[in-house]
Amino acid sequence: MLALLFYLPFLLTFALLGVYAERKISAWIQDRMGPVNLGPYGLLQTLADIVKLLLKEDIIPKAADKPIFKVAPILIFMPVFAGFAVLPFTNGLYGSGTDVGVFYILAILSLEVLGILAAGWSSNNKYSLYGAMRSAAQMVSYEVPLGLSVLCAVMTAQSLNTEIISLQQGIFTVDQNYLFGLKGLGIEVTQLGGFLNWNIFRNPFLLIAFLIFFISSLAEANRAPFDIPEAESEIIAGYHIEYSGMRFAFMMLSEYGVMLLGSVFAAVLFLGSWNTPFINIGPVRLADWTSGTVGEFSAYAWGVVWLMSKALTLVFIQMWIRWTYPRLRVDQLMTLCWKYLTPAGLVLVFITGIWRLLMI
């Protein structure tokens with residue numbers, strides 16, 4: 001219940017600011033102004049849009065399967081919201097300390113496609129059905145390279161617990177971290193802290209796994225250039241074409257929620273989670289100063305700063321990509337998944353296994 005009271009307002013606030021940020025970022029990329037009229041610098045534009053959605057009539061097509069049509073937005077939103085339950089928010093603060101947190105996130109996110117299929121099927125609209133089928137094919141396909149990249153990080157950490165994975169990547173770890181994970185080099189970096197302890201440096205092959213994860217997460221979120229389920233130039237709006245008012249708002253909240261969830265998950269697995277990026281250099285103890293003391297407010301505050309800085313940077317990159325690259329065709333999308341990302345993921349799993357044996 002405590003996690004619910006924290007994560008729901010946090011997600012709502014992020015969606016409110018995320019929509020505004022995306023409008024301003026897209027305007028910057030396209031040399032426009034973006035929202036400027038409502039509030040200072042257009043800050044109230046998104047709030048006005050939310051009020052408009054709240055006041056809109058909830059229209060349900062006459063021929064729609066009404067029970068499924070009504071529940072579909074909730075089926076889309078709930079897996080995304082539930083995924084935050086096992087993610088650490090800062091050092092020592094997290095919703096659930098389950099030992100299978102990574103597996104839980106992968107399992108719960110796979111349920112989102114059921115809501116999308118329900119929305120497309122129940123709308124009794126051919127464009128909705130096209131969008132839903134596209135989304136099902138895309139999300140199920142890209143779960144394979146996504147899972148393989150996550151498996152590489154789990155093999156490196158030897159744990160499915162997100163809090164343990166986070167602790168291993170900073171100065172608070174009880175393990176010994178060596179540069180690139182190789183004891184033979186004899187370069188211990190545990191007390192140096194910072195980015196040298198992140199998983200992408202503990203196992204350099206994880207940098208490629210991180211790129212596969214990031215690309216796959218874009219496809220899982222139906223973000224451009226993988227937005228064929230919502231391709232407005234082809235199928236108008238895809239699976240949510242018949243939705244209006246708050247039901248449509250739930251779908252948009254889900255889209256921004258999965259952006260944040262994927263970014264935080266990527267930061268936890270590959271980019272040091274809530275650990276500082278700065279390292280200790282002789283008497284200049286940057287890692288210590290920017291990590292705080294365990295159990296004190298300073299450690300909690302610094303953890304929030306670093307985790308959210310990494311996550312929001314990845315969110316910015318997702319927005320940047322959306323307004324830079326054109327949409328992929330269906331054949332290009334599937335070719336990228338099955339001919340390139342999936343074989344690369346399988347090779348990385350094999351290499352990570354060999355690397356792990358050499359590390360012991």
# chains A, B, ... in the order shown; residues from 1 in each chain; ligands from 1

call {"tool": "closest_atom_pairs", "arguments": {"of": "stretch 151-251 of chain A", "to": "stretch 29-52 of chain A", "cutoff": "9 Å", "atoms": "only C-alpha atoms", "output": "tab-separated table"}}
result
residue	atom	partner	partner_atom	distance
A:Gly245	CA	A:Lys52	CA	7.9
A:Met246	CA	A:Ile50	CA	8.7
A:Ala249	CA	A:Ile50	CA	7.8

call {"tool": "write_last_selection", "arguments": {"atoms": "N, CA and C atoms", "output": "PDB file, in the first residue's frame"}}
result
ATOM      1  N   GLY A 245     -11.665  10.405 -23.905  1.00  0.00           N
ATOM      2  CA  GLY A 245     -11.748  10.740 -22.488  1.00  0.00           C
ATOM      3  C   GLY A 245     -10.698  10.055 -21.638  1.00  0.00           C
ATOM      4  N   MET A 246     -11.121   9.612 -20.451  1.00  0.00           N
ATOM      5  CA  MET A 246     -10.183   9.045 -19.494  1.00  0.00           C
ATOM      6  C   MET A 246      -9.627   7.695 -19.930  1.00  0.00           C
ATOM      7  N   ALA A 249      -6.766   8.568 -21.884  1.00  0.00           N
ATOM      8  CA  ALA A 249      -5.724   9.090 -20.997  1.00  0.00           C
ATOM      9  C   ALA A 249      -4.970   7.961 -20.310  1.00  0.00           C
TER      10      ALA A 249
END

call {"tool": "select_by_dssp", "arguments": {"residues": "stretch 87-305 of chain A", "states": "strand (DSSP E or B)", "output": "JSON list (two decimals) with N, CA and C atoms, in the first residue's frame"}}
result
[["chain", "number", "residue", "atom", "x", "y", "z"],
["A", 88, "PRO", "N", 14.31, -0.63, -7.09],
["A", 88, "PRO", "CA", 14.80, 0.22, -6.00],
["A", 88, "PRO", "C", 14.73, 1.68, -6.40],
["A", 89, "PHE", "N", 14.23, 2.50, -5.50],
["A", 89, "PHE", "CA", 14.15, 3.93, -5.82],
["A", 89, "PHE", "C", 15.41, 4.66, -5.37],
["A", 90, "THR", "N", 16.03, 4.16, -4.30],
["A", 90, "THR", "CA", 17.29, 4.71, -3.82],
["A", 90, "THR", "C", 17.92, 3.65, -2.91],
["A", 93, "LEU", "N", 15.69, 1.83, -0.16],
["A", 93, "LEU", "CA", 14.26, 2.10, -0.29],
["A", 93, "LEU", "C", 13.74, 1.49, -1.59],
["A", 94, "TYR", "N", 12.84, 0.53, -1.47],
["A", 94, "TYR", "CA", 12.26, -0.11, -2.64],
["A", 94, "TYR", "C", 10.92, -0.71, -2.22],
["A", 178, "TYR", "N", 36.69, -5.82, -10.08],
["A", 178, "TYR", "CA", 37.93, -5.59, -10.81],
["A", 178, "TYR", "C", 37.59, -4.95, -12.16],
["A", 188, "GLU", "N", 41.86, -3.59, -8.89],
["A", 188, "GLU", "CA", 40.61, -3.56, -8.12],
["A", 188, "GLU", "C", 40.05, -2.14, -8.11],
["A", 280, "ASN", "N", 36.60, 8.02, -6.78],
["A", 280, "ASN", "CA", 37.56, 8.57, -5.82],
["A", 280, "ASN", "C", 38.94, 8.67, -6.49],
["A", 281, "ILE", "N", 39.52, 9.85, -6.47],
["A", 281, "ILE", "CA", 40.86, 10.08, -7.05],
["A", 281, "ILE", "C", 41.77, 10.58, -5.95],
["A", 284, "VAL", "N", 40.80, 13.21, -3.22],
["A", 284, "VAL", "CA", 39.54, 13.79, -3.69],
["A", 284, "VAL", "C", 38.50, 12.66, -3.76],
["A", 285, "ARG", "N", 37.70, 12.54, -2.71],
["A", 285, "ARG", "CA", 36.79, 11.40, -2.55],
["A", 285, "ARG", "C", 35.42, 11.74, -3.16]]

call {"tool": "closest_atom_pairs", "arguments": {"of": "stretch 60-123 of chain A", "to": "stretch 250-266 of chain A", "cutoff": "9 Å", "atoms": "only C-alpha atoms", "output": "JSON lines"}}
result
{"residue": "A:Pro73", "atom": "CA", "partner": "A:Met251", "partner_atom": "CA", "distance": 5.8}
{"residue": "A:Ile74", "atom": "CA", "partner": "A:Phe250", "partner_atom": "CA", "distance": 7.2}
{"residue": "A:Ile76", "atom": "CA", "partner": "A:Ser254", "partner_atom": "CA", "distance": 6.7}
{"residue": "A:Phe77", "atom": "CA", "partner": "A:Ser254", "partner_atom": "CA", "distance": 5.0}
{"residue": "A:Met78", "atom": "CA", "partner": "A:Ser254", "partner_atom": "CA", "distance": 8.3}
{"residue": "A:Pro79", "atom": "CA", "partner": "A:Ser254", "partner_atom": "CA", "distance": 9.0}
{"residue": "A:Val80", "atom": "CA", "partner": "A:Val258", "partner_atom": "CA", "distance": 5.8}
{"residue": "A:Phe81", "atom": "CA", "partner": "A:Gly257", "partner_atom": "CA", "distance": 7.1}
{"residue": "A:Gly83", "atom": "CA", "partner": "A:Leu261", "partner_atom": "CA", "distance": 7.2}
{"residue": "A:Phe84", "atom": "CA", "partner": "A:Leu261", "partner_atom": "CA", "distance": 6.7}
{"residue": "A:Leu87", "atom": "CA", "partner": "A:Phe265", "partner_atom": "CA", "distance": 7.3}
{"residue": "A:Phe89", "atom": "CA", "partner": "A:Val264", "partner_atom": "CA", "distance": 9.0}
{"residue": "A:Val102", "atom": "CA", "partner": "A:Phe265", "partner_atom": "CA", "distance": 8.8}
{"residue": "A:Ile105", "atom": "CA", "partner": "A:Phe265", "partner_atom": "CA", "distance": 8.8}
{"residue": "A:Leu109", "atom": "CA", "partner": "A:Val258", "partner_atom": "CA", "distance": 8.8}

call {"tool": "select_by_dssp", "arguments": {"residues": "stretch 5-67 of chain A", "states": "helix (DSSP H, G or I)", "output": "PyMOL selection string"}}
result
chain A and resi 5-29+40-42+45-55+66-67

call {"tool": "atom_distance", "arguments": {"atom1": "atom CA of A:Ala72", "atom2": "atom CA of A:Ser216"}}
result
23.7 Å

call {"tool": "residues_around", "arguments": {"residues": "A:Asn161", "least_positions_apart": "4", "cutoff": "7 Å", "atoms": "only C-alpha atoms", "output": "compact mmCIF listing (two decimals) with C-alpha atoms, in the first residue's frame"}}
result
# COMPACT_ATOMS: atom_id res chain seq x y z
CA THR A 98 11.70 -10.17 -3.68
CA ASP A 99 14.59 -12.31 -4.85
CA VAL A 100 13.06 -12.70 -8.34
CA GLY A 101 12.48 -9.03 -9.12
CA VAL A 102 14.01 -9.14 -12.60
CA ILE A 165 22.26 -5.91 -8.49

call {"tool": "atom_distance", "arguments": {"atom1": "atom CA of A:Leu17", "atom2": "atom CA of A:Leu314"}}
result
15.2 Å

call {"tool": "closest_residue", "arguments": {"among": "A:Lys339, A:Arg356, A:Arg327, A:Arg223", "to": "A:Val315", "atoms": "only C-alpha atoms"}}
result
A:Arg223

call {"tool": "closest_residue", "arguments": {"among": "A:Pro326, A:Phe201, A:Gly181, A:Glu143", "to": "A:Ala224", "atoms": "only C-alpha atoms"}}
result
A:Pro326

call {"tool": "residues_around", "arguments": {"residues": "A:Gly147", "least_positions_apart": "6", "cutoff": "12 Å", "atoms": "only C-alpha atoms", "output": "PyMOL selection string"}}
result
chain A and resi 102-103+105-107+109-110+139-141+153-154+209-210+212-214+216-217+220+341-342+345-346+348-349

call {"tool": "residues_around", "arguments": {"residues": "A:Asn125", "least_positions_apart": "3", "cutoff": "12 Å", "atoms": "only C-alpha atoms", "output": "ChimeraX atom specification"}}
result
/A:60-65,69,119-122,128-132,235-243

call {"tool": "closest_residue", "arguments": {"among": "A:Ser244, A:Ala118, A:Lys126, A:Phe297", "to": "A:Leu55", "atoms": "only C-alpha atoms"}}
result
A:Ser244

call {"tool": "atom_distance", "arguments": {"atom1": "atom CA of A:Asn199", "atom2": "atom CA of A:Lys310"}}
result
14.1 Å
